[in-house]
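Text of the file target-v4.cif, holding mmCIF, C-alpha atoms:
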data_target
#
loop_
_atom_site.label_atom_id
_atom_site.label_comp_id
_atom_site.auth_asym_id
_atom_site.auth_seq_id
_atom_site.Cartn_x
_atom_site.Cartn_y
_atom_site.Cartn_z
CA MET A 1 15.84 -16.63 11.28
CA LYS A 2 14.90 -16.19 7.59
CA VAL A 3 11.64 -18.09 8.15
CA PHE A 4 10.58 -15.70 10.92
CA ALA A 5 11.39 -12.70 8.73
CA ALA A 6 9.35 -14.18 5.89
CA VAL A 7 6.44 -14.83 8.22
CA GLY A 8 6.52 -11.22 9.41
CA LEU A 9 6.65 -10.02 5.83
CA VAL A 10 3.61 -12.06 4.81
CA THR A 11 1.53 -10.53 7.60
CA ALA A 12 2.42 -7.07 6.40
CA LEU A 13 1.46 -8.00 2.84
CA LEU A 14 -1.95 -9.07 4.08
CA ALA A 15 -2.47 -5.77 5.84
CA VAL A 16 -1.64 -3.82 2.68
CA VAL A 17 -3.94 -5.88 0.46
CA SER A 18 -6.86 -5.95 2.89
CA ALA A 19 -6.64 -2.18 3.33
CA GLN A 20 -7.25 -1.58 -0.38
CA ALA A 21 -10.62 -0.26 -1.45
CA GLU A 22 -13.02 -2.50 -3.35
CA ASP A 23 -12.25 -0.67 -6.63
CA ARG A 24 -8.73 -1.75 -7.56
CA ALA A 25 -8.75 -0.31 -11.10
CA GLY A 26 -5.70 1.82 -10.25
CA ASN A 27 -3.63 -1.38 -10.11
CA CYS A 28 -4.22 -2.18 -13.78
CA TYR A 29 -0.70 -1.72 -15.17
CA TRP A 30 -1.75 -1.02 -18.75
CA GLY A 31 -4.49 1.39 -17.63
CA ASP A 32 -7.10 2.20 -20.27
CA LYS A 33 -5.04 0.69 -23.13
CA GLN A 34 -6.56 -2.70 -22.25
CA PRO A 35 -9.76 -3.66 -20.38
CA CYS A 36 -9.43 -3.50 -16.59
CA HIS A 37 -11.21 -5.73 -14.07
CA SER A 38 -11.92 -3.17 -11.33
CA GLU A 39 -12.59 -5.81 -8.64
CA THR A 40 -9.15 -7.41 -9.00
CA GLY A 41 -7.06 -4.57 -10.46
CA CYS A 42 -5.97 -6.79 -13.37
CA ASN A 43 -5.88 -5.80 -17.03
CA TYR A 44 -6.98 -8.51 -19.44
CA GLY A 45 -7.62 -8.96 -23.13
CA CYS A 46 -7.02 -10.91 -26.33
CA HIS A 47 -3.46 -11.46 -27.62
CA LYS A 48 -2.63 -13.76 -30.54
CA ARG A 49 -6.20 -15.15 -30.35
CA ILE A 50 -5.80 -16.26 -26.70
CA CYS A 51 -7.17 -14.52 -23.59
CA TRP A 52 -4.61 -13.16 -21.15
CA SER A 53 -4.67 -11.45 -17.75
CA GLN A 54 -2.31 -9.34 -15.69
CA CYS A 55 -0.95 -11.49 -12.85
CA ASN A 56 1.29 -11.41 -9.79
CA GLY A 57 4.82 -12.72 -10.32
CA ALA A 58 8.26 -11.64 -9.16
CA CYS A 59 7.59 -7.94 -9.71
CA ALA A 60 4.54 -8.16 -7.45
CA ILE A 61 6.67 -9.34 -4.54
CA LYS A 62 8.93 -6.30 -4.90
CA VAL A 63 5.99 -3.87 -5.07
CA VAL A 64 4.24 -5.37 -2.05
CA MET A 65 7.50 -5.37 -0.06
CA GLU A 66 8.05 -1.68 -0.82
CA LYS A 67 4.52 -0.88 0.39
CA LEU A 68 5.08 -2.85 3.58
CA ILE A 69 8.35 -1.09 4.34
CA ALA A 70 6.79 2.32 3.67
CA GLU A 71 3.85 1.53 5.97
CA GLY A 72 5.90 -0.20 8.68
CA GLY A 73 3.99 -3.48 8.26
CA SER A 74 4.89 -6.97 9.40
CA ILE A 75 4.04 -10.55 8.33
CA GLU A 76 2.81 -13.29 10.65
CA ASN A 77 1.47 -16.06 8.39
CA PHE A 78 3.56 -17.33 5.44
CA ASN A 79 0.59 -19.22 3.92
CA ASP A 80 -1.30 -15.95 3.53
CA PHE A 81 1.63 -14.51 1.56
CA TRP A 82 1.11 -17.12 -1.17
CA LYS A 83 -2.63 -16.46 -1.29
CA ILE A 84 -1.80 -12.85 -2.19
CA ILE A 85 1.11 -13.43 -4.56
CA MET A 86 -0.06 -16.51 -6.49
CA ALA A 87 -1.05 -15.89 -10.10
CA ASP A 88 -4.76 -16.57 -9.61
CA GLY A 89 -6.16 -13.35 -11.07
CA THR A 90 -6.88 -11.67 -7.75
CA ASN A 91 -5.52 -8.50 -6.20
CA CYS A 92 -3.07 -7.52 -8.92
CA VAL A 93 -0.35 -5.06 -8.04
CA LYS A 94 0.75 -2.53 -10.63
CA CYS A 95 3.34 -4.64 -12.48
CA PRO A 96 3.80 -5.46 -16.19
CA GLU A 97 3.33 -9.22 -15.73
CA TRP A 98 0.77 -11.30 -17.57
CA CYS A 99 -0.25 -14.85 -18.43
CA TYR A 100 -2.59 -16.72 -20.75
CA VAL A 101 -5.69 -17.76 -18.79
CA ASP A 102 -7.32 -21.15 -18.36
CA ASP A 103 -10.65 -21.71 -20.13
CA GLY A 104 -11.88 -23.70 -17.11
CA SER A 105 -10.96 -27.04 -18.69
CA LYS A 106 -7.14 -26.77 -18.57
CA GLY A 107 -6.99 -25.26 -22.06
CA TYR A 108 -6.37 -21.77 -23.43
CA GLN A 109 -9.38 -19.45 -23.76
CA PRO A 110 -9.70 -18.58 -27.48
CA CYS A 111 -10.68 -15.07 -28.60
CA SER A 112 -10.79 -12.69 -31.53
CA ALA A 113 -11.40 -9.47 -29.55
CA ASN A 114 -10.87 -8.23 -25.97
CA SER A 115 -14.60 -8.51 -25.29
CA ASP A 116 -14.37 -12.29 -25.87
CA CYS A 117 -12.29 -12.48 -22.69
CA ASP A 118 -14.81 -10.81 -20.34
CA SER A 119 -16.01 -14.18 -19.01
CA ALA A 120 -12.44 -15.44 -18.44
CA LYS A 121 -10.89 -12.26 -16.99
CA ALA A 122 -10.63 -13.69 -13.46
CA ASN A 123 -9.64 -17.23 -14.46
CA GLN A 124 -6.39 -18.74 -13.21
CA CYS A 125 -3.23 -18.60 -15.28
CA LEU A 126 -2.55 -21.54 -17.56
CA SER A 127 0.87 -20.22 -18.57
CA HIS A 128 3.61 -18.75 -16.39
CA CYS A 129 3.16 -15.22 -15.06
CA ALA A 130 6.00 -13.29 -16.67
CA MET A 131 7.25 -10.02 -18.14
CA PHE A 132 7.54 -10.57 -21.90
#
Using the file provided, produce a representation of the structure as structure tokens.
Amino acid sequence: MKVFAAVGLVTALLAVVSAQAEDRAGNCYWGDKQPCHSETGCNYGCHKRICWSQCNGACAIKVVMEKLIAEGGSIENFNDFWKIIMADGTNCVKCPEWCYVDDGSKGYQPCSANSDCDSAKANQCLSHCAMF
């Protein structure tokens, strides 16, 4: 029974995400305080000399679920749920979760300023996606 409910929920999540406009800048949790990748809705920048990005973790699941309930959505494909929620730098929801990003070679992307992270802003997380 729980599996069927999860499948219905994933379908609804897909509907919410696919209905978003191309400009997702409104999803950047830290707004203008940090650079915002308008295509993904993820803030990013340089912290302690390592590039970071907003990501989708536990908070993202809650936010997407609330949107689905409000819009009366349903989920049909559980695999699609993970494509939306995984911390891969795409389709951020407005949550205060972040991670250090991969430099493309399984290492941290070094930086000294936010602008140094422009090329890595959509890279996958190398660390956990968390609120801290």
What do you get, as a compact mmCIF listing (two decimals) with C-alpha atoms, in the frame of the given file, if you spell out every residue that the PyMOL selection byres ((chain A and resi 107-114) around 8) selects here?
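Output file selection16.txt follows:
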# COMPACT_ATOMS: atom_id res chain seq x y z
CA GLN A 34 -6.56 -2.70 -22.25
CA PRO A 35 -9.76 -3.66 -20.38
CA TYR A 44 -6.98 -8.51 -19.44
CA GLY A 45 -7.62 -8.96 -23.13
CA CYS A 46 -7.02 -10.91 -26.33
CA ARG A 49 -6.20 -15.15 -30.35
CA ILE A 50 -5.80 -16.26 -26.70
CA CYS A 51 -7.17 -14.52 -23.59
CA TYR A 100 -2.59 -16.72 -20.75
CA VAL A 101 -5.69 -17.76 -18.79
CA ASP A 102 -7.32 -21.15 -18.36
CA ASP A 103 -10.65 -21.71 -20.13
CA GLY A 104 -11.88 -23.70 -17.11
CA SER A 105 -10.96 -27.04 -18.69
CA LYS A 106 -7.14 -26.77 -18.57
CA SER A 115 -14.60 -8.51 -25.29
CA ASP A 116 -14.37 -12.29 -25.87
CA CYS A 117 -12.29 -12.48 -22.69
CA ASP A 118 -14.81 -10.81 -20.34
CA ALA A 120 -12.44 -15.44 -18.44
CA LEU A 126 -2.55 -21.54 -17.56
**Item:** Distance query A:Ser53 at most 6 Å, only C-alpha atoms, self and fewer than 3 positions along chain excluded, as a PyMOL selection string
**Value:** chain A and resi 43-44+98-99
**Item:** Which of A:Ser119, A:Ser38, A:Asn91, A:Gln124 sits closest to A:Ala60 [using all atoms listed in the file]
**Value:** A:Asn91
**Complete:** Correct to one decimal, the distance atom CA of A:Cys36-atom CA of A:Lys62 is 21.9 Å
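Between atom CA of A:Gly41 and atom CA of A:Tyr29 lies a distance of 8.4 Å.
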**Request:** Record the distance separating atom CA of A:Cys125 and atom CA of A:Cys28, expressed in Å with one decimal.
**Result:**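 Computed distance, atom CA of A:Cys125 to atom CA of A:Cys28, equals 16.5 Å.
Using all atoms listed in the file for every distance, the candidate list A:Cys55, A:Cys129, A:Met65, A:Ala122 yields A:Cys55 as the residue closest to A:Val93.
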**Prompt:** Which residue out of A:Cys42, A:Ser127, A:Trp30, A:Pro96 has the minimum interatomic distance to A:Ala58 when all atoms listed in the file are used?
**Reply:**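 Among the listed residues, A:Pro96 lies closest to A:Ala58.
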